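As structure tokens, the structure follows; a few thoughts come after it.
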Number of protein chains: 2
Amino acid sequence: MEKGLKMTGQRRVIARVLSDAEDHPDVEELYRRASELDPRISVATVYRTVRLLEEKGILERRDFGGGRARYEVSEHGRHYHLIDVDTGKVLEFEDEEHEDLMRRIASRLGFELISMRLELFGRRIPEPEAAQTESKRSKAARGKGTRKA
Amino acid sequence: MEKGLKMTGQRRVIARVLSDAEDHPDVEELYRRASELDPRISVATVYRTVRLLEEKGILERRDFGGGRARYEVSEHGRHYHLIDVDTGKVLEFEDEEHEDLMRRIASRLGFELISMRLELFGRRIPEPEAAQTESKRSKAARGKGTRKA
DNA sequence: CTAATTGCAAAAAGTTTGCAACCAT
DNA sequence: ATGGTTGCAAACTTTTTGCAATTAG
């Protein structure tokens, strides 16, 4: 099937690091993790492997800002990302309804939906604290005047 | 008023290029267009201006793949992009329903939606050219598997 | 065996920055 | 006048690549 691809030790290691990853590491981070498992891997190989896997549709490149590309195992837009603008943390979520809507929209425009990318940027809404006496919510609440919940 | 910002000739030119742009130019392209209006502008200034405007929320940086950052006047996620995977062309569209859905999803996760980014990747579906003759429509519509770019 | 793959280091590509000259305010 | 701004080139950062050595199939 595939051309003449070889399953080398390096690729095995990188593949493992990737499938073990619960986050969205950039190349530098992949390199670091891979190096732990096998110190003789070079960055160039990580770059080459990552590019190869992306071309094959196995990996998806993400851009959450910050200059470097980040990667995750491809699920063909089956889940999305919500980035907390204050902490920079990335939260994943899915939504069947959304996927259908996208397919309809693409179709309406005359396209077959192949993949998609959705990123929401939001700010945590301070929960109506039913907790203990918390008289100082100044820090969390400090922001612009308007907010809707 | 803004801090101590100056409205220089260069900024005026770059601002004009940006608001005139119907597409999503990268810095190199912005530089080229700006240079036409005023040849003494340098790339560094374009980079600096673009960064400034992004920080001020006036511009939004996009990543459609291809290494360079692309820019467009900010509309706070009021429109989205459909990238034709075969031609690389970017098509814009809006969808009220979608915006509401996103707000609901963010809210469900405990976040106030601030901005979002949505990109669809799709392949053009050859339209069964139905001018007035209804007769040849059936035949053309059957070929669901017939797809070519 | 031999084409694919790797490491290394050099090079490319994209973006940022130090500094002296410059120019809106 | 004077502090923000610019151009230029050097510096950085991230990613790619040429080439000889290495290795999976």
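A note on labels: chains of the structure tokens are A, B, ... as shown, every chain counts residues from 1, and ligands are counted from 1 in their shown order.
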
Pairing every C-alpha atom in order, fit chain B onto chain A and give me the RMSD in Å.
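That comparison of chain A with chain B gives 4.0 Å.
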
Tell me, as a list in words, which residues lie within 6 Å of A:Leu118, counting only C-alpha atoms (C1' of nucleotides); anything in the same chain fewer than 5 positions away does not count.
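The contact residues come out as Tyr80 of chain A; Arg117 and Leu118 of chain B.
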
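Counting only C-alpha atoms (C1' of nucleotides), every residue of chain A that comes within 8 Å of chain D is listed here: Lys6, Met7, Thr8, Tyr47 and Arg68 of chain A.
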
Output file for the residues above (all heavy atoms, as a PDB file, in the first residue's frame):
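The result, stored in part09.pdb:
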```pdb
ATOM      1  N   LYS A   6       9.607   2.999   5.860  1.00  0.00           N
ATOM      2  CA  LYS A   6      10.251   2.092   6.808  1.00  0.00           C
ATOM      3  C   LYS A   6       9.841   2.392   8.238  1.00  0.00           C
ATOM      4  O   LYS A   6       9.738   3.542   8.630  1.00  0.00           O
ATOM      5  CB  LYS A   6      11.769   2.236   6.713  1.00  0.00           C
ATOM      6  CG  LYS A   6      12.355   1.727   5.417  1.00  0.00           C
ATOM      7  CD  LYS A   6      13.856   1.904   5.461  1.00  0.00           C
ATOM      8  CE  LYS A   6      14.495   1.343   4.202  1.00  0.00           C
ATOM      9  NZ  LYS A   6      15.956   1.532   4.237  1.00  0.00           N
ATOM     10  N   MET A   7       9.611   1.353   8.991  1.00  0.00           N
ATOM     11  CA  MET A   7       9.288   1.555  10.398  1.00  0.00           C
ATOM     12  C   MET A   7      10.594   1.528  11.189  1.00  0.00           C
ATOM     13  O   MET A   7      11.076   0.474  11.583  1.00  0.00           O
ATOM     14  CB  MET A   7       8.349   0.463  10.891  1.00  0.00           C
ATOM     15  CG  MET A   7       8.001   0.606  12.372  1.00  0.00           C
ATOM     16  SD  MET A   7       7.623   2.279  12.882  1.00  0.00           S
ATOM     17  CE  MET A   7       6.097   2.540  11.992  1.00  0.00           C
ATOM     18  N   THR A   8      11.138   2.697  11.355  1.00  0.00           N
ATOM     19  CA  THR A   8      12.419   2.785  12.060  1.00  0.00           C
ATOM     20  C   THR A   8      12.181   2.955  13.550  1.00  0.00           C
ATOM     21  O   THR A   8      11.067   3.240  13.979  1.00  0.00           O
ATOM     22  CB  THR A   8      13.214   3.992  11.565  1.00  0.00           C
ATOM     23  OG1 THR A   8      12.502   5.183  11.912  1.00  0.00           O
ATOM     24  CG2 THR A   8      13.388   3.935  10.072  1.00  0.00           C
ATOM     25  N   TYR A  47      10.938  16.784  13.041  1.00  0.00           N
ATOM     26  CA  TYR A  47      10.293  17.637  12.046  1.00  0.00           C
ATOM     27  C   TYR A  47       9.876  16.816  10.834  1.00  0.00           C
ATOM     28  O   TYR A  47       8.764  16.926  10.332  1.00  0.00           O
ATOM     29  CB  TYR A  47      11.237  18.754  11.598  1.00  0.00           C
ATOM     30  CG  TYR A  47      11.148  19.997  12.451  1.00  0.00           C
ATOM     31  CD1 TYR A  47      12.154  20.308  13.362  1.00  0.00           C
ATOM     32  CD2 TYR A  47      10.055  20.846  12.359  1.00  0.00           C
ATOM     33  CE1 TYR A  47      12.079  21.445  14.142  1.00  0.00           C
ATOM     34  CE2 TYR A  47       9.968  21.982  13.133  1.00  0.00           C
ATOM     35  CZ  TYR A  47      10.982  22.292  14.030  1.00  0.00           C
ATOM     36  OH  TYR A  47      10.898  23.403  14.805  1.00  0.00           O
ATOM     37  N   ARG A  68       4.925  28.537  17.518  1.00  0.00           N
ATOM     38  CA  ARG A  68       5.220  27.191  17.055  1.00  0.00           C
ATOM     39  C   ARG A  68       3.968  26.397  16.731  1.00  0.00           C
ATOM     40  O   ARG A  68       2.924  26.591  17.319  1.00  0.00           O
ATOM     41  CB  ARG A  68       5.983  26.386  18.109  1.00  0.00           C
ATOM     42  CG  ARG A  68       6.946  27.146  18.888  1.00  0.00           C
ATOM     43  CD  ARG A  68       6.691  27.431  20.281  1.00  0.00           C
ATOM     44  NE  ARG A  68       7.786  26.858  21.053  1.00  0.00           N
ATOM     45  CZ  ARG A  68       8.757  27.584  21.568  1.00  0.00           C
ATOM     46  NH1 ARG A  68       8.767  28.886  21.415  1.00  0.00           N
ATOM     47  NH2 ARG A  68       9.705  27.001  22.254  1.00  0.00           N
TER      48      ARG A  68
END
```

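Straight-line separation from atom CA of B:Tyr31 to atom CA of B:Arg78: 26.5 Å.
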
Between atom C1' of C:DA20 and atom CA of B:Val46, distance in Å (one decimal):
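Pair atom C1' of C:DA20 / atom CA of B:Val46 returns 19.9 Å.
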
Specify as an mmCIF file with N, CA and C atoms, in the first residue's frame all residues of chain B found within 8 Å of chain A, counting only C-alpha atoms.
```cif
data_model
loop_
_atom_site.group_PDB
_atom_site.id
_atom_site.type_symbol
_atom_site.label_atom_id
_atom_site.label_comp_id
_atom_site.auth_asym_id
_atom_site.auth_seq_id
_atom_site.Cartn_x
_atom_site.Cartn_y
_atom_site.Cartn_z
ATOM 1 N N ASP B 63 -4.224 31.689 10.447
ATOM 2 C CA ASP B 63 -3.255 30.699 9.993
ATOM 3 C C ASP B 63 -3.967 29.710 9.101
ATOM 4 N N LEU B 82 -13.992 29.011 4.726
ATOM 5 C CA LEU B 82 -14.040 27.683 4.133
ATOM 6 C C LEU B 82 -12.898 27.635 3.133
ATOM 7 N N HIS B 98 -24.795 29.627 13.997
ATOM 8 C CA HIS B 98 -23.550 29.117 14.513
ATOM 9 C C HIS B 98 -23.044 29.921 15.695
ATOM 10 N N LEU B 101 -24.948 28.986 18.710
ATOM 11 C CA LEU B 101 -24.563 27.658 19.182
ATOM 12 C C LEU B 101 -23.251 27.722 19.952
ATOM 13 N N MET B 102 -22.297 28.490 19.425
ATOM 14 C CA MET B 102 -21.003 28.603 20.084
ATOM 15 C C MET B 102 -21.136 29.243 21.464
ATOM 16 N N ALA B 106 -19.979 27.456 24.874
ATOM 17 C CA ALA B 106 -19.035 28.074 25.799
ATOM 18 C C ALA B 106 -19.674 28.200 27.173
ATOM 19 N N SER B 107 -20.884 28.675 27.168
ATOM 20 C CA SER B 107 -21.615 28.876 28.404
ATOM 21 C C SER B 107 -21.771 27.565 29.162
ATOM 22 N N GLY B 110 -18.959 26.829 31.039
ATOM 23 C CA GLY B 110 -18.643 27.804 32.077
ATOM 24 C C GLY B 110 -17.803 28.978 31.608
ATOM 25 N N PHE B 111 -17.902 29.276 30.317
ATOM 26 C CA PHE B 111 -17.105 30.374 29.786
ATOM 27 C C PHE B 111 -17.953 31.414 29.073
ATOM 28 N N GLU B 112 -17.445 32.612 29.115
ATOM 29 C CA GLU B 112 -18.052 33.680 28.323
ATOM 30 C C GLU B 112 -17.285 33.711 27.023
ATOM 31 N N LEU B 113 -17.980 33.594 25.919
ATOM 32 C CA LEU B 113 -17.320 33.569 24.616
ATOM 33 C C LEU B 113 -16.781 34.944 24.249
ATOM 34 N N ILE B 114 -15.489 34.996 23.981
ATOM 35 C CA ILE B 114 -14.892 36.276 23.640
ATOM 36 C C ILE B 114 -14.637 36.389 22.147
ATOM 37 N N SER B 115 -14.111 35.328 21.596
ATOM 38 C CA SER B 115 -13.842 35.341 20.164
ATOM 39 C C SER B 115 -13.783 33.905 19.687
ATOM 40 N N MET B 116 -13.762 33.722 18.408
ATOM 41 C CA MET B 116 -13.635 32.348 17.939
ATOM 42 C C MET B 116 -13.015 32.307 16.554
ATOM 43 N N ARG B 117 -12.707 31.132 16.164
ATOM 44 C CA ARG B 117 -12.005 30.924 14.926
ATOM 45 C C ARG B 117 -12.558 29.643 14.344
ATOM 46 N N LEU B 118 -13.054 29.703 13.160
ATOM 47 C CA LEU B 118 -13.622 28.499 12.553
ATOM 48 C C LEU B 118 -13.165 28.384 11.125
ATOM 49 N N GLU B 119 -12.574 27.275 10.828
ATOM 50 C CA GLU B 119 -12.180 27.040 9.445
ATOM 51 C C GLU B 119 -12.656 25.675 8.980
ATOM 52 N N LEU B 120 -13.333 25.702 7.845
ATOM 53 C CA LEU B 120 -13.794 24.461 7.245
ATOM 54 C C LEU B 120 -12.888 24.155 6.059
ATOM 55 N N PHE B 121 -12.558 22.895 5.915
ATOM 56 C CA PHE B 121 -11.780 22.491 4.756
ATOM 57 C C PHE B 121 -12.656 21.569 3.935
ATOM 58 N N GLY B 122 -12.856 21.932 2.695
ATOM 59 C CA GLY B 122 -13.760 21.119 1.906
ATOM 60 C C GLY B 122 -13.363 21.025 0.454
ATOM 61 N N ARG B 123 -14.088 20.185 -0.248
ATOM 62 C CA ARG B 123 -13.822 19.991 -1.674
ATOM 63 C C ARG B 123 -15.098 20.289 -2.447
ATOM 64 N N ARG B 124 -14.932 21.058 -3.458
ATOM 65 C CA ARG B 124 -16.060 21.479 -4.284
ATOM 66 C C ARG B 124 -16.833 20.266 -4.791
ATOM 67 N N ILE B 125 -18.130 20.319 -4.661
ATOM 68 C CA ILE B 125 -18.971 19.261 -5.217
ATOM 69 C C ILE B 125 -19.445 19.720 -6.584
ATOM 70 N N PRO B 126 -19.120 18.958 -7.623
ATOM 71 C CA PRO B 126 -19.541 19.344 -8.973
ATOM 72 C C PRO B 126 -21.057 19.410 -9.022
ATOM 73 N N GLU B 127 -21.556 20.608 -9.258
ATOM 74 C CA GLU B 127 -23.010 20.804 -9.287
ATOM 75 C C GLU B 127 -23.618 20.159 -10.521
#
```

Return as an NGL selection string the full set of residues in stretch 36-129 of chain B whose backbone-based DSSP assignment is strand (DSSP E or B).
:B and (59-62 or 70-73 or 80-84 or 90-93 or 111-124)

May I ask which of the residues A:His24, A:Glu36, A:Tyr71, A:Thr45 is the closest one to chain C, counting only C-alpha atoms (C1' of nucleotides)?
A:Thr45

Pull out every residue of chain C sitting within 9 Å of chain B, counting only C-alpha atoms (C1' of nucleotides), and send them as a PDB file with N, CA and C atoms (P, O5', C5', C4', C3', O3' and C1' of nucleotides), in the first residue's frame.
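The file below, iface29.pdb, is the result:
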```pdb
ATOM      1  P    DA C  13      14.000  30.329   1.331  1.00  0.00           P
ATOM      2  O5'  DA C  13      13.082  30.617   2.600  1.00  0.00           O
ATOM      3  C5'  DA C  13      12.509  29.516   3.277  1.00  0.00           C
ATOM      4  C4'  DA C  13      11.627  30.009   4.401  1.00  0.00           C
ATOM      5  C3'  DA C  13      10.974  31.369   4.147  1.00  0.00           C
ATOM      6  O3'  DA C  13       9.632  31.290   4.585  1.00  0.00           O
ATOM      7  C1'  DA C  13      12.227  31.438   6.150  1.00  0.00           C
ATOM      8  P    DG C  14       8.674  32.547   4.366  1.00  0.00           P
ATOM      9  O5'  DG C  14       8.565  33.108   5.849  1.00  0.00           O
ATOM     10  C5'  DG C  14       8.149  32.222   6.881  1.00  0.00           C
ATOM     11  C4'  DG C  14       8.191  32.912   8.214  1.00  0.00           C
ATOM     12  C3'  DG C  14       7.550  34.303   8.232  1.00  0.00           C
ATOM     13  O3'  DG C  14       6.743  34.379   9.396  1.00  0.00           O
ATOM     14  C1'  DG C  14       9.750  34.414   9.069  1.00  0.00           C
ATOM     15  P    DT C  15       5.884  35.665   9.672  1.00  0.00           P
ATOM     16  O5'  DT C  15       6.728  36.377  10.816  1.00  0.00           O
ATOM     17  C5'  DT C  15       7.093  35.593  11.940  1.00  0.00           C
ATOM     18  C4'  DT C  15       7.996  36.365  12.861  1.00  0.00           C
ATOM     19  C3'  DT C  15       7.545  37.785  13.195  1.00  0.00           C
ATOM     20  O3'  DT C  15       7.380  37.861  14.619  1.00  0.00           O
ATOM     21  C1'  DT C  15       9.849  37.733  12.664  1.00  0.00           C
ATOM     22  P    DT C  16       7.092  39.215  15.352  1.00  0.00           P
ATOM     23  O5'  DT C  16       8.556  39.588  15.870  1.00  0.00           O
ATOM     24  C5'  DT C  16       9.245  38.624  16.643  1.00  0.00           C
ATOM     25  C4'  DT C  16      10.562  39.201  17.125  1.00  0.00           C
ATOM     26  C3'  DT C  16      10.457  40.551  17.848  1.00  0.00           C
ATOM     27  O3'  DT C  16      11.249  40.454  19.030  1.00  0.00           O
ATOM     28  C1'  DT C  16      12.025  40.701  16.110  1.00  0.00           C
ATOM     29  P    DC C  23      11.755  62.887   8.249  1.00  0.00           P
ATOM     30  O5'  DC C  23      10.464  63.001   9.189  1.00  0.00           O
ATOM     31  C5'  DC C  23       9.690  61.847   9.471  1.00  0.00           C
ATOM     32  C4'  DC C  23       8.633  62.190  10.499  1.00  0.00           C
ATOM     33  C3'  DC C  23       8.011  63.570  10.295  1.00  0.00           C
ATOM     34  O3'  DC C  23       6.704  63.545  10.804  1.00  0.00           O
ATOM     35  C1'  DC C  23       8.983  63.507  12.376  1.00  0.00           C
ATOM     36  P    DA C  24       5.458  63.375   9.733  1.00  0.00           P
ATOM     37  O5'  DA C  24       4.405  62.600  10.633  1.00  0.00           O
ATOM     38  C5'  DA C  24       3.439  63.368  11.239  1.00  0.00           C
ATOM     39  C4'  DA C  24       3.177  62.884  12.634  1.00  0.00           C
ATOM     40  C3'  DA C  24       2.121  63.767  13.269  1.00  0.00           C
ATOM     41  O3'  DA C  24       1.292  62.988  14.096  1.00  0.00           O
ATOM     42  C1'  DA C  24       4.170  64.038  14.439  1.00  0.00           C
ATOM     43  P    DT C  25      -0.087  63.633  14.549  1.00  0.00           P
ATOM     44  O5'  DT C  25       0.330  64.367  15.883  1.00  0.00           O
ATOM     45  C5'  DT C  25       0.807  63.590  16.971  1.00  0.00           C
ATOM     46  C4'  DT C  25       1.242  64.477  18.119  1.00  0.00           C
ATOM     47  C3'  DT C  25       0.298  65.629  18.407  1.00  0.00           C
ATOM     48  O3'  DT C  25       0.112  65.737  19.807  1.00  0.00           O
ATOM     49  C1'  DT C  25       2.494  66.416  18.221  1.00  0.00           C
TER      50       DT C  25
END
```
